[in-house]
Amino acid sequence: MSTLFLMRDMRVRFAGATHVGMKRAHNEDCIKLPEQERLALLADGMGGHASGEVASQLAVNTIADHFRATAQTARVTWPYKIDRSPEFDLHRLAVAIKLANAKIWEDAAKNEPHKGMGTTLVACLFLDDRAVIAHVGDSRVYCIHGTNIEQLTEDHSLLNDYVKMKQLNAAEASRFPHRNVIVRALGMKESVQVDLQLVTPHVGDLFLLCSDGLSGMVEDPEMARLATGEPDLDRACDRLIERANEQGGVDNISVILARIEA
């Protein structure tokens with residue numbers, strides 16, 4: 001069921017869904033929709049033998065717990081002025097993600113079945129008039145407005161590195177033999193670099209967060225058409241997942257939609 005949160009002079013409506021797909025035995029993706037904070041989280045675990053599921057859930061829960069624990073700290077600043085600058089929230093989100101990385105790394109070191117586990121992570125934190133986007137890995141955040149779709153994140157993948165270095169065209173990229181190799185993820189190393197950016201949402205914008213189980217199966221223009229073609233956001237999420245499964249559903253599929261409304 002979609003949820004609605006007020007912003008300064010707008011509101012943001014969220015919906016999300018996750019599915020095991022057509023080929024996998026279990027779902028290693030994990031999503032979390034906002035409860036108190038206007039924070040959406042999506043993680044795509046890896047590691048096999050259910051340890052990918054452990055990593056993605058640990059990441060999402062750690063970040064959500066950190067935001068709950070620091071919610072009051074962020075507001076209790078008397079006698080000093082409350083820090084409402086976006087940089088405060090950038091730092092808060094980056095710290096939460098780095099804490100999640102440390103917990104996954106430590107868990108994998110202590111538990112042999114979890115050795116080598118990791119997860120991608122995308123997060124959108126909506127402020128009163130800005131949005132903070134953070135990501136590690138190849139899960140993506142898009143912004144759709146009308147028929148235009150823009151990928152806001154850059155994949156931390158071997159394929160993307162080769163595209164940039166070797167200037168591969170679309171046909172060459174589609175034949176790349178290691179297109180699923182990730183070069184940055186939570187849990188891969190003791191520390192992690194988090195990509196952060198600030199964007200300004202506008203009424204009519206639709207933010208789409210997804211794992212590569214969706215973006216790898218459905219082309220960007222079709223994702224935009226399906227996401228905007230259903231006024232009901234829950235139905236739009238279901239339709240995106242259905243389409244990925246129709247295309248083969250070779251991986252777990254997760255999607256979160258966040259629509260900016262008047």
# chains A, B, ... in the order shown; residues from 1 in each chain; ligands from 1
call {"tool": "residues_around", "arguments": {"residues": "range 63-70 of chain A", "least_positions_apart": "6", "cutoff": "7 Å", "atoms": "only C-alpha atoms", "output": "list of chain:residue names"}}
result
A:Ala96, A:Ile97, A:Ala100
call {"tool": "select_by_dssp", "arguments": {"residues": "range 59-244 of chain A", "states": "strand (DSSP E or B)", "output": "number ranges by chain"}}
result
A: 118-119, 121-126, 131-136, 140-145, 148-151, 157, 182, 186, 195-199, 206-210
call {"tool": "residues_around", "arguments": {"residues": "Met1 in chain A", "least_positions_apart": "4", "cutoff": "10 Å", "atoms": "only C-alpha atoms", "output": "list in words"}}
result
Phe14, Ala15, Gly16, Ala17, Asp232, Leu233, Asp234 and Arg235 of chain A
call {"tool": "write_last_selection", "arguments": {"atoms": "C-alpha atoms", "output": "PDB file, in the first residue's frame"}}
result
ATOM      1  CA  PHE A  14       5.906   5.986  -1.974  1.00  0.00           C
ATOM      2  CA  ALA A  15       5.223   2.433  -3.096  1.00  0.00           C
ATOM      3  CA  GLY A  16       7.467  -0.582  -3.607  1.00  0.00           C
ATOM      4  CA  ALA A  17       7.622  -4.293  -4.290  1.00  0.00           C
ATOM      5  CA  ASP A 232      -1.841   3.754  -8.777  1.00  0.00           C
ATOM      6  CA  LEU A 233       1.796   3.417  -7.671  1.00  0.00           C
ATOM      7  CA  ASP A 234       1.322  -0.071  -6.226  1.00  0.00           C
ATOM      8  CA  ARG A 235      -0.023  -1.254  -9.567  1.00  0.00           C
TER       9      ARG A 235
END
call {"tool": "residues_around", "arguments": {"residues": "Val194 in chain A", "least_positions_apart": "5", "cutoff": "7 Å", "atoms": "only C-alpha atoms", "output": "NGL selection string"}}
result
:A and (94 or 134-136)
call {"tool": "write_last_selection", "arguments": {"atoms": "C-alpha atoms", "output": "PDB file, in the first residue's frame"}}
result
ATOM      1  CA  ALA A  94      26.820   8.606   4.395  1.00  0.00           C
ATOM      2  CA  ALA A 134      23.202   7.774  -2.210  1.00  0.00           C
ATOM      3  CA  HIS A 135      24.395   4.593  -3.866  1.00  0.00           C
ATOM      4  CA  VAL A 136      26.989   1.854  -3.857  1.00  0.00           C
TER       5      VAL A 136
END
call {"tool": "residues_around", "arguments": {"residues": "Asp107 in chain A", "least_positions_apart": "3", "cutoff": "10 Å", "atoms": "only C-alpha atoms", "output": "NGL selection string"}}
result
:A and (54-55 or 58 or 101-104 or 110-115 or 117 or 187)
call {"tool": "atom_distance", "arguments": {"atom1": "CA of Ala40 in chain A", "atom2": "CA of Ile256 in chain A"}}
result
7.6 Å
call {"tool": "select_by_dssp", "arguments": {"residues": "range 83-133 of chain A", "states": "alpha helix (DSSP H)", "output": "MDAnalysis selection string"}}
result
chainID A and resid 86:110
call {"tool": "decode", "arguments": {"residues": "range 89-110 of chain A", "atoms": "N, CA and C atoms", "output": "short mmCIF file (atom, residue, chain, number, x, y, z; two decimals), in the first residue's frame"}}
result
data_model
loop_
_atom_site.label_atom_id
_atom_site.label_comp_id
_atom_site.auth_asym_id
_atom_site.auth_seq_id
_atom_site.Cartn_x
_atom_site.Cartn_y
_atom_site.Cartn_z
N ASP A 89 22.30 16.34 6.25
CA ASP A 89 21.64 15.08 5.89
C ASP A 89 22.50 14.24 4.96
N LEU A 90 23.32 14.88 4.12
CA LEU A 90 24.29 14.13 3.32
C LEU A 90 25.21 13.34 4.23
N HIS A 91 25.74 14.02 5.24
CA HIS A 91 26.67 13.37 6.16
C HIS A 91 25.96 12.27 6.95
N ARG A 92 24.76 12.52 7.39
CA ARG A 92 24.00 11.54 8.18
C ARG A 92 23.76 10.26 7.37
N LEU A 93 23.40 10.41 6.11
CA LEU A 93 23.16 9.25 5.27
C LEU A 93 24.46 8.51 4.96
N ALA A 94 25.53 9.24 4.68
CA ALA A 94 26.82 8.61 4.39
C ALA A 94 27.32 7.80 5.59
N VAL A 95 27.18 8.36 6.79
CA VAL A 95 27.60 7.66 8.00
C VAL A 95 26.80 6.37 8.18
N ALA A 96 25.49 6.43 7.95
CA ALA A 96 24.64 5.25 8.10
C ALA A 96 25.07 4.14 7.14
N ILE A 97 25.39 4.50 5.91
CA ILE A 97 25.79 3.50 4.91
C ILE A 97 27.16 2.91 5.24
N LYS A 98 28.06 3.75 5.70
CA LYS A 98 29.39 3.24 6.09
C LYS A 98 29.29 2.34 7.32
N LEU A 99 28.39 2.65 8.22
CA LEU A 99 28.16 1.78 9.36
C LEU A 99 27.62 0.43 8.91
N ALA A 100 26.71 0.45 7.94
CA ALA A 100 26.18 -0.81 7.39
C ALA A 100 27.29 -1.63 6.75
N ASN A 101 28.19 -0.97 6.02
CA ASN A 101 29.32 -1.66 5.41
C ASN A 101 30.17 -2.35 6.47
N ALA A 102 30.47 -1.63 7.56
CA ALA A 102 31.29 -2.18 8.63
C ALA A 102 30.63 -3.40 9.26
N LYS A 103 29.32 -3.35 9.46
CA LYS A 103 28.62 -4.47 10.08
C LYS A 103 28.62 -5.70 9.17
N ILE A 104 28.44 -5.49 7.88
CA ILE A 104 28.47 -6.62 6.94
C ILE A 104 29.86 -7.23 6.90
N TRP A 105 30.88 -6.38 6.84
CA TRP A 105 32.27 -6.84 6.82
C TRP A 105 32.59 -7.66 8.08
N GLU A 106 32.18 -7.16 9.23
CA GLU A 106 32.45 -7.85 10.49
C GLU A 106 31.70 -9.17 10.58
N ASP A 107 30.45 -9.18 10.15
CA ASP A 107 29.65 -10.40 10.19
C ASP A 107 30.26 -11.47 9.29
N ALA A 108 30.71 -11.07 8.11
CA ALA A 108 31.32 -12.03 7.18
C ALA A 108 32.62 -12.59 7.73
N ALA A 109 33.36 -11.78 8.48
CA ALA A 109 34.63 -12.23 9.06
C ALA A 109 34.40 -13.23 10.20
N LYS A 110 33.27 -13.09 10.91
CA LYS A 110 33.00 -13.94 12.06
C LYS A 110 32.28 -15.23 11.68
#
